[in-house]
$ cat query-v2.cif   # mmCIF, C-alpha atoms; chains and numbers go by the auth columns
data_structure
#
loop_
_atom_site.group_PDB
_atom_site.id
_atom_site.type_symbol
_atom_site.label_atom_id
_atom_site.label_comp_id
_atom_site.label_asym_id
_atom_site.label_seq_id
_atom_site.Cartn_x
_atom_site.Cartn_y
_atom_site.Cartn_z
_atom_site.B_iso_or_equiv
_atom_site.auth_seq_id
_atom_site.auth_asym_id
ATOM 1 C CA MET A 1 21.132 19.650 15.563 0.00 1 D
ATOM 2 C CA LEU A 2 22.760 22.484 13.617 0.00 2 D
ATOM 3 C CA ASP A 3 20.525 22.639 10.543 0.00 3 D
ATOM 4 C CA GLN A 4 18.244 25.473 11.654 0.00 4 D
ATOM 5 C CA ALA A 5 21.160 27.718 12.620 0.00 5 D
ATOM 6 C CA ILE A 6 23.027 26.955 9.387 0.00 6 D
ATOM 7 C CA ARG A 7 19.934 27.580 7.244 0.00 7 D
ATOM 8 C CA ALA A 8 19.389 30.917 8.992 0.00 8 D
ATOM 9 C CA ARG A 9 22.994 31.931 8.337 0.00 9 D
ATOM 10 C CA LEU A 10 23.301 30.700 4.753 0.00 10 D
ATOM 11 C CA GLY A 11 19.702 31.311 3.667 0.00 11 D
ATOM 12 C CA PRO A 12 20.146 34.909 2.446 0.00 12 D
ATOM 13 C CA SER A 13 23.191 33.988 0.336 0.00 13 D
ATOM 14 C CA LEU A 14 21.438 30.985 -1.176 0.00 14 D
ATOM 15 C CA ASP A 15 18.369 33.103 -1.918 0.00 15 D
ATOM 16 C CA HIS A 16 20.558 35.672 -3.672 0.00 16 D
ATOM 17 C CA VAL A 17 22.197 33.018 -5.861 0.00 17 D
ATOM 18 C CA ALA A 18 18.812 31.389 -6.494 0.00 18 D
ATOM 19 C CA GLY A 19 17.532 34.731 -7.774 0.00 19 D
ATOM 20 C CA ARG A 20 20.311 34.827 -10.350 0.00 20 D
ATOM 21 C CA VAL A 21 19.712 31.205 -11.328 0.00 21 D
ATOM 22 C CA SER A 22 15.988 31.836 -11.634 0.00 22 D
ATOM 23 C CA SER A 23 16.598 34.450 -14.334 0.00 23 D
ATOM 24 C CA THR A 24 18.272 31.790 -16.498 0.00 24 D
ATOM 25 C CA GLY A 25 15.163 29.635 -16.605 0.00 25 D
ATOM 26 C CA VAL A 26 16.766 26.667 -14.835 0.00 26 D
ATOM 27 C CA SER A 27 14.165 24.687 -12.869 0.00 27 D
ATOM 28 C CA PRO A 28 14.504 23.381 -9.304 0.00 28 D
ATOM 29 C CA GLY A 29 14.108 19.857 -10.660 0.00 29 D
ATOM 30 C CA ALA A 30 17.097 20.377 -12.952 0.00 30 D
ATOM 31 C CA LEU A 31 19.202 21.413 -9.967 0.00 31 D
ATOM 32 C CA THR A 32 18.011 18.365 -8.034 0.00 32 D
ATOM 33 C CA GLY A 33 18.995 16.139 -10.951 0.00 33 D
ATOM 34 C CA ALA A 34 22.381 17.814 -11.322 0.00 34 D
ATOM 35 C CA GLY A 35 22.970 17.454 -7.607 0.00 35 D
ATOM 36 C CA LEU A 36 22.075 13.764 -7.760 0.00 36 D
ATOM 37 C CA LEU A 37 24.543 13.200 -10.603 0.00 37 D
ATOM 38 C CA ALA A 38 27.279 15.024 -8.683 0.00 38 D
ATOM 39 C CA GLY A 39 26.458 12.975 -5.597 0.00 39 D
ATOM 40 C CA ILE A 40 26.592 9.673 -7.461 0.00 40 D
ATOM 41 C CA ALA A 41 29.929 10.716 -8.958 0.00 41 D
ATOM 42 C CA ALA A 42 31.120 11.465 -5.418 0.00 42 D
ATOM 43 C CA CYS A 43 30.102 7.956 -4.324 0.00 43 D
ATOM 44 C CA VAL A 44 32.022 6.417 -7.230 0.00 44 D
ATOM 45 C CA SER A 45 35.045 8.550 -6.368 0.00 45 D
ATOM 46 C CA VAL A 46 34.901 7.350 -2.775 0.00 46 D
ATOM 47 C CA ALA A 47 34.703 3.717 -3.884 0.00 47 D
ATOM 48 C CA THR A 48 37.825 4.207 -6.015 0.00 48 D
ATOM 49 C CA ALA A 49 39.615 6.078 -3.196 0.00 49 D
ATOM 50 C CA SER A 50 39.776 9.288 -5.245 0.00 50 D
ATOM 51 C CA TRP A 51 39.374 11.351 -2.112 0.00 51 D
ATOM 52 C CA GLY A 52 40.051 14.809 -3.560 0.00 52 D
ATOM 53 C CA ALA A 53 37.480 14.338 -6.303 0.00 53 D
ATOM 54 C CA ALA A 54 35.035 12.841 -3.808 0.00 54 D
ATOM 55 C CA LEU A 55 35.356 15.871 -1.546 0.00 55 D
ATOM 56 C CA GLY A 56 34.765 18.360 -4.356 0.00 56 D
ATOM 57 C CA LEU A 57 31.808 16.449 -5.770 0.00 57 D
ATOM 58 C CA TRP A 58 30.276 15.983 -2.316 0.00 58 D
ATOM 59 C CA LEU A 59 30.432 19.718 -1.608 0.00 59 D
ATOM 60 C CA LEU A 60 29.004 20.450 -5.063 0.00 60 D
ATOM 61 C CA ASN A 61 26.146 18.059 -4.314 0.00 61 D
ATOM 62 C CA ARG A 62 25.400 19.870 -1.068 0.00 62 D
ATOM 63 C CA LEU A 63 25.551 23.275 -2.757 0.00 63 D
ATOM 64 C CA LEU A 64 23.094 22.205 -5.455 0.00 64 D
ATOM 65 C CA ASP A 65 20.848 20.662 -2.800 0.00 65 D
ATOM 66 C CA GLY A 66 20.697 23.997 -0.994 0.00 66 D
ATOM 67 C CA LEU A 67 20.083 25.925 -4.199 0.00 67 D
ATOM 68 C CA ASP A 68 17.249 23.728 -5.468 0.00 68 D
ATOM 69 C CA GLY A 69 15.277 24.394 -2.296 0.00 69 D
ATOM 70 C CA ALA A 70 15.898 28.126 -2.446 0.00 70 D
ATOM 71 C CA LEU A 71 14.901 28.195 -6.126 0.00 71 D
ATOM 72 C CA ALA A 72 11.795 26.109 -5.436 0.00 72 D
ATOM 73 C CA ARG A 73 10.653 28.595 -2.819 0.00 73 D
ATOM 74 C CA ARG A 74 10.952 31.368 -5.402 0.00 74 D
ATOM 75 C CA ARG A 75 9.140 29.428 -8.117 0.00 75 D
ATOM 76 C CA GLY A 76 6.606 27.739 -5.849 0.00 76 D
ATOM 77 C CA ALA A 77 7.629 24.515 -4.149 0.00 77 D
ATOM 78 C CA THR A 78 5.743 21.348 -5.110 0.00 78 D
ATOM 79 C CA GLU A 79 5.077 18.164 -3.166 0.00 79 D
ATOM 80 C CA LEU A 80 6.702 16.069 -5.903 0.00 80 D
ATOM 81 C CA GLY A 81 9.792 18.242 -5.882 0.00 81 D
ATOM 82 C CA GLY A 82 10.141 17.846 -2.132 0.00 82 D
ATOM 83 C CA LEU A 83 9.764 14.088 -2.381 0.00 83 D
ATOM 84 C CA LEU A 84 12.346 13.729 -5.161 0.00 84 D
ATOM 85 C CA ASP A 85 14.779 15.974 -3.312 0.00 85 D
ATOM 86 C CA PHE A 86 14.510 13.847 -0.162 0.00 86 D
ATOM 87 C CA VAL A 87 14.974 10.597 -2.101 0.00 87 D
ATOM 88 C CA ALA A 88 17.975 12.022 -3.972 0.00 88 D
ATOM 89 C CA ASP A 89 19.568 13.000 -0.669 0.00 89 D
ATOM 90 C CA PHE A 90 19.400 9.479 0.672 0.00 90 D
ATOM 91 C CA VAL A 91 20.578 7.882 -2.555 0.00 91 D
ATOM 92 C CA VAL A 92 23.763 9.884 -2.075 0.00 92 D
ATOM 93 C CA TYR A 93 23.945 9.539 1.725 0.00 93 D
ATOM 94 C CA SER A 94 23.739 5.758 1.535 0.00 94 D
ATOM 95 C CA GLY A 95 25.824 5.422 -1.633 0.00 95 D
ATOM 96 C CA PHE A 96 28.641 7.380 -0.018 0.00 96 D
ATOM 97 C CA VAL A 97 28.758 4.931 2.885 0.00 97 D
ATOM 98 C CA VAL A 98 28.776 1.996 0.458 0.00 98 D
ATOM 99 C CA GLY A 99 31.694 3.677 -1.308 0.00 99 D
ATOM 100 C CA VAL A 100 33.606 3.922 1.972 0.00 100 D
ATOM 101 C CA ALA A 101 32.958 0.235 2.620 0.00 101 D
ATOM 102 C CA ILE A 102 34.337 -0.653 -0.826 0.00 102 D
ATOM 103 C CA ALA A 103 37.427 1.519 -0.424 0.00 103 D
ATOM 104 C CA HIS A 104 38.158 0.349 3.136 0.00 104 D
ATOM 105 C CA PRO A 105 37.255 -3.300 3.798 0.00 105 D
ATOM 106 C CA ALA A 106 38.173 -2.883 7.474 0.00 106 D
ATOM 107 C CA ALA A 107 35.353 -0.339 7.812 0.00 107 D
ATOM 108 C CA ARG A 108 32.668 -2.561 6.314 0.00 108 D
ATOM 109 C CA LEU A 109 31.038 -3.665 9.571 0.00 109 D
ATOM 110 C CA ALA A 110 30.931 -0.082 10.816 0.00 110 D
ATOM 111 C CA CYS A 111 29.406 1.022 7.499 0.00 111 D
ATOM 112 C CA VAL A 112 26.737 -1.707 7.687 0.00 112 D
ATOM 113 C CA VAL A 113 25.834 -0.562 11.199 0.00 113 D
ATOM 114 C CA LEU A 114 25.715 3.054 10.011 0.00 114 D
ATOM 115 C CA LEU A 115 23.324 2.137 7.187 0.00 115 D
ATOM 116 C CA ALA A 116 21.153 0.209 9.676 0.00 116 D
ATOM 117 C CA ALA A 117 21.109 3.270 11.938 0.00 117 D
ATOM 118 C CA TYR A 118 20.046 5.400 8.951 0.00 118 D
ATOM 119 C CA LEU A 119 17.178 2.990 8.301 0.00 119 D
ATOM 120 C CA VAL A 120 15.863 3.038 11.860 0.00 120 D
ATOM 121 C CA ASN A 121 16.268 6.810 12.164 0.00 121 D
ATOM 122 C CA ASN A 122 14.431 7.437 8.894 0.00 122 D
ATOM 123 C CA VAL A 123 11.568 5.135 9.877 0.00 123 D
ATOM 124 C CA ALA A 124 11.176 7.094 13.125 0.00 124 D
ATOM 125 C CA LEU A 125 11.558 10.451 11.356 0.00 125 D
ATOM 126 C CA LEU A 126 9.136 9.836 8.503 0.00 126 D
ATOM 127 C CA SER A 127 6.552 7.955 10.569 0.00 127 D
ATOM 128 C CA PHE A 128 6.380 10.802 13.057 0.00 128 D
ATOM 129 C CA SER A 129 6.330 13.348 10.221 0.00 129 D
ATOM 130 C CA SER A 130 3.280 11.623 8.758 0.00 130 D
ATOM 131 C CA MET A 131 1.515 11.620 12.118 0.00 131 D
ATOM 132 C CA ILE A 132 2.343 15.295 12.707 0.00 132 D
ATOM 133 C CA GLU A 133 0.671 16.150 9.403 0.00 133 D
ATOM 134 C CA ARG A 134 -2.344 13.875 9.927 0.00 134 D
ATOM 135 C CA LEU A 135 -3.001 15.096 13.482 0.00 135 D
ATOM 136 C CA GLY A 136 -2.373 18.738 12.638 0.00 136 D
ATOM 137 C CA LEU A 137 0.314 19.124 15.278 0.00 137 D
ATOM 138 C CA GLY A 138 2.390 22.303 15.244 0.00 138 D
ATOM 139 C CA LEU A 139 5.727 20.506 15.066 0.00 139 D
ATOM 140 C CA GLY A 140 8.478 20.214 12.493 0.00 140 D
ATOM 141 C CA ASP A 141 9.780 22.739 10.010 0.00 141 D
ATOM 142 C CA GLU A 142 7.936 24.255 7.083 0.00 142 D
ATOM 143 C CA ARG A 143 9.519 22.249 4.275 0.00 143 D
ATOM 144 C CA THR A 144 7.557 19.690 2.252 0.00 144 D
ATOM 145 C CA LEU A 145 7.975 17.114 5.017 0.00 145 D
ATOM 146 C CA ARG A 146 7.492 18.198 8.613 0.00 146 D
ATOM 147 C CA LEU A 147 10.843 17.006 9.924 0.00 147 D
ATOM 148 C CA THR A 148 11.694 17.317 13.593 0.00 148 D
ATOM 149 C CA THR A 149 15.168 18.258 14.745 0.00 149 D
ATOM 150 C CA GLY A 150 17.691 15.751 16.055 0.00 150 D
ATOM 151 C CA LEU A 151 21.315 15.287 16.997 0.00 151 D
ATOM 152 C CA ALA A 152 22.355 14.073 13.537 0.00 152 D
ATOM 153 C CA GLU A 153 20.954 16.090 10.649 0.00 153 D
ATOM 154 C CA GLY A 154 22.197 17.306 7.292 0.00 154 D
ATOM 155 C CA THR A 155 24.927 19.589 8.639 0.00 155 D
ATOM 156 C CA GLU A 156 26.453 16.833 10.747 0.00 156 D
ATOM 157 C CA THR A 157 26.335 14.499 7.742 0.00 157 D
ATOM 158 C CA ILE A 158 28.204 17.040 5.617 0.00 158 D
ATOM 159 C CA VAL A 159 30.937 17.336 8.247 0.00 159 D
ATOM 160 C CA VAL A 160 31.277 13.572 8.699 0.00 160 D
ATOM 161 C CA TYR A 161 31.518 12.900 4.958 0.00 161 D
ATOM 162 C CA VAL A 162 34.158 15.619 4.639 0.00 162 D
ATOM 163 C CA LEU A 163 36.077 13.800 7.383 0.00 163 D
ATOM 164 C CA PHE A 164 35.803 10.555 5.413 0.00 164 D
ATOM 165 C CA CYS A 165 37.492 12.331 2.503 0.00 165 D
ATOM 166 C CA VAL A 166 40.249 14.142 4.398 0.00 166 D
ATOM 167 C CA LEU A 167 40.948 11.357 6.924 0.00 167 D
ATOM 168 C CA PRO A 168 40.318 8.170 4.925 0.00 168 D
ATOM 169 C CA GLY A 169 42.588 6.147 7.196 0.00 169 D
ATOM 170 C CA ALA A 170 40.183 6.822 10.075 0.00 170 D
ATOM 171 C CA SER A 171 37.088 5.708 8.134 0.00 171 D
ATOM 172 C CA GLU A 172 36.263 2.857 10.504 0.00 172 D
ATOM 173 C CA VAL A 173 36.362 5.074 13.596 0.00 173 D
ATOM 174 C CA ILE A 174 34.390 7.828 11.852 0.00 174 D
ATOM 175 C CA ALA A 175 31.708 5.367 10.714 0.00 175 D
ATOM 176 C CA TRP A 176 31.338 3.844 14.185 0.00 176 D
ATOM 177 C CA ALA A 177 31.104 7.268 15.826 0.00 177 D
ATOM 178 C CA PHE A 178 28.519 8.552 13.357 0.00 178 D
ATOM 179 C CA ALA A 179 26.512 5.325 13.599 0.00 179 D
ATOM 180 C CA ALA A 180 26.298 5.880 17.347 0.00 180 D
ATOM 181 C CA LEU A 181 25.176 9.491 16.841 0.00 181 D
ATOM 182 C CA VAL A 182 22.510 8.496 14.294 0.00 182 D
ATOM 183 C CA ALA A 183 21.280 5.726 16.606 0.00 183 D
ATOM 184 C CA MET A 184 21.011 8.242 19.445 0.00 184 D
ATOM 185 C CA THR A 185 19.019 10.503 17.110 0.00 185 D
ATOM 186 C CA ALA A 186 16.603 7.658 16.374 0.00 186 D
ATOM 187 C CA VAL A 187 16.095 7.088 20.100 0.00 187 D
ATOM 188 C CA GLN A 188 15.617 10.832 20.600 0.00 188 D
ATOM 189 C CA ARG A 189 12.929 10.958 17.912 0.00 189 D
ATOM 190 C CA VAL A 190 11.072 7.911 19.221 0.00 190 D
ATOM 191 C CA ALA A 191 11.113 9.476 22.691 0.00 191 D
ATOM 192 C CA GLN A 192 9.754 12.768 21.339 0.00 192 D
ATOM 193 C CA ALA A 193 7.044 10.969 19.389 0.00 193 D
ATOM 194 C CA THR A 194 6.104 8.934 22.456 0.00 194 D
ATOM 195 C CA ARG A 195 5.737 12.051 24.606 0.00 195 D
ATOM 196 C CA THR A 196 3.755 13.876 21.926 0.00 196 D
ATOM 197 C CA LEU A 197 1.408 11.070 20.967 0.00 197 D
ATOM 198 C CA ARG A 198 0.632 10.241 24.603 0.00 198 D
ATOM 199 C CA ALA A 199 -0.400 13.821 25.297 0.00 199 D
ATOM 200 C CA PRO A 200 -4.121 14.348 26.099 0.00 200 D
ATOM 201 C CA SER A 201 -4.558 16.529 22.999 0.00 201 D
ATOM 202 C CA THR A 202 -4.129 13.473 20.771 0.00 202 D
ATOM 203 C CA GLY A 203 -7.174 11.867 22.294 0.00 203 D
ATOM 204 C CA ASP A 204 -5.260 9.070 24.046 0.00 204 D
ATOM 205 C CA PRO A 205 -6.352 8.083 27.558 0.00 205 D
#
$ encode --input "query-v2.cif" --output "structure tokens"
Amino acid sequence: MLDQAIRARLGPSLDHVAGRVSSTGVSPGALTGAGLLAGIAACVSVATASWGAALGLWLLNRLLDGLDGALARRRGATELGGLLDFVADFVVYSGFVVGVAIAHPAARLACVVLLAAYLVNNVALLSFSSMIERLGLGLGDERTLRLTTGLAEGTETIVVYVLFCVLPGASEVIAWAFAALVAMTAVQRVAQATRTLRAPSTGDP
């Protein structure tokens, strides 16, 4: 819901930093890999209830994730790079929730439901993205995957995971609330896809 506005606000700063990084010869793939390692370390920190370390590593992961995209646009983004970046994101997104479930047994059911909501939302998101590309529809953003907007996106995930770290005692409530928001996003995306794919321009009766 907030991703486009946040990218517009932070984009110039990230581009400036990416320009400096580019002069060092570091590749976007290296930043993606470094971000993945930081994210996995964040997940381990969550599982061991090292909340301060988890917070710092999570924010580092998000910073590197923003920089690898900005650097890729300078160097020439590739399809493989976009794919690996997306996969790395969800390794960390899901691993973080598993870490919360390990650290807080009372939150395990809520975490399972949150992971199930992620699964359904991603099926809706990626299926529709594929159809947008195949049908040549003018929807989605201009990144490697044509992703449509929704209530729960990357910015909301950042905020929620920060809340996990600063309010660990409320992990169960946070997980239930975010699971509901992600589920609503999945419904929103299915509804958008239904409206779009039923339109006369798709060739349906």
$ resolve_selection --input "query-v2.cif" --expression "the PyMOL selection byres ((chain D and resi 130) around 12)" --output "PyMOL selection string"
chain D and resi 122-129+131-137+139-140+144-148+193
$ residues_near_point --input "query-v2.cif" --point "(11.6, 17.0, 0.5)" --cutoff "12 Å" --atoms "only C-alpha atoms" --output "PyMOL selection string"
chain D and resi 29+32+65-66+68-69+72+77-90+126+129+141-147
$ resolve_selection --input "query-v2.cif" --expression "the PyMOL selection byres ((chain D and resi 181) around 12)" --output "number ranges by chain"
D: 1, 113-114, 117-118, 121, 150-153, 156-157, 160, 174-180, 182-188
$ closest_residue --input "query-v2.cif" --among "D:Ala47, D:Ile158, D:Leu64, D:Leu31" --to "Gly99 (chain D)" --atoms "all atoms listed in the file"
D:Ala47
$ closest_residue --input "query-v2.cif" --among "D:Gly154, D:Val166, D:Pro28, D:Val98" --to "Gly56 (chain D)" --atoms "all atoms listed in the file"
D:Val166
$ atom_distance --input "query-v2.cif" --atom1 "CA of Leu167 (chain D)" --atom2 "CA of Thr149 (chain D)"
27.8 Å
$ closest_residue --input "query-v2.cif" --among "D:Gly33, D:Pro168, D:Pro12, D:Gly76" --to "Ala54 (chain D)" --atoms "only C-alpha atoms"
D:Pro168
$ closest_residue --input "query-v2.cif" --among "D:Cys43, D:Ala38, D:Leu14, D:Leu2" --to "Leu59 (chain D)" --atoms "only C-alpha atoms"
D:Ala38
$ closest_residue --input "query-v2.cif" --among "D:Arg198, D:Arg9, D:His16, D:Arg189" --to "Val120 (chain D)" --atoms "all atoms listed in the file"
D:Arg189
$ resolve_selection --input "query-v2.cif" --expression "the PyMOL selection byres ((chain D and resi 103) around 10)" --output "PyMOL selection string"
chain D and resi 44-50+97-102+104-108+168+171
$ closest_residue --input "query-v2.cif" --among "D:Val112, D:Ala70, D:Leu55, D:Ala191" --to "Cys165 (chain D)" --atoms "all atoms listed in the file"
D:Leu55
$ atom_distance --input "query-v2.cif" --atom1 "CA of Ser27 (chain D)" --atom2 "CA of Leu71 (chain D)"
7.6 Å
$ atom_distance --input "query-v2.cif" --atom1 "CA of Thr24 (chain D)" --atom2 "CA of Gly39 (chain D)"
23.2 Å
$ decode --input "query-v2.cif" --residues "region 99-121 of chain D" --atoms "C-alpha atoms" --output "compact mmCIF listing (two decimals), in the first residue's frame"
# COMPACT_ATOMS: atom_id res chain seq x y z
CA GLY D 99 12.11 -17.45 14.14
CA VAL D 100 9.25 -15.73 15.96
CA ALA D 101 7.46 -19.06 16.29
CA ILE D 102 10.58 -20.63 17.81
CA ALA D 103 11.14 -17.77 20.24
CA HIS D 104 7.48 -17.54 21.29
CA PRO D 105 5.66 -20.89 21.36
CA ALA D 106 2.38 -19.13 22.18
CA ALA D 107 2.58 -17.36 18.81
CA ARG D 108 3.08 -20.53 16.77
CA LEU D 109 -0.49 -20.90 15.51
CA ALA D 110 -0.60 -17.24 14.50
CA CYS D 111 2.75 -17.65 12.71
CA VAL D 112 1.50 -20.74 10.83
CA VAL D 113 -1.57 -18.79 9.70
CA LEU D 114 0.64 -15.88 8.64
CA LEU D 115 2.83 -18.19 6.54
CA ALA D 116 -0.32 -19.69 4.96
CA ALA D 117 -1.54 -16.18 4.16
CA TYR D 118 1.84 -15.43 2.55
CA LEU D 119 1.47 -18.54 0.39
CA VAL D 120 -2.01 -17.68 -0.85
CA ASN D 121 -1.12 -14.03 -1.43
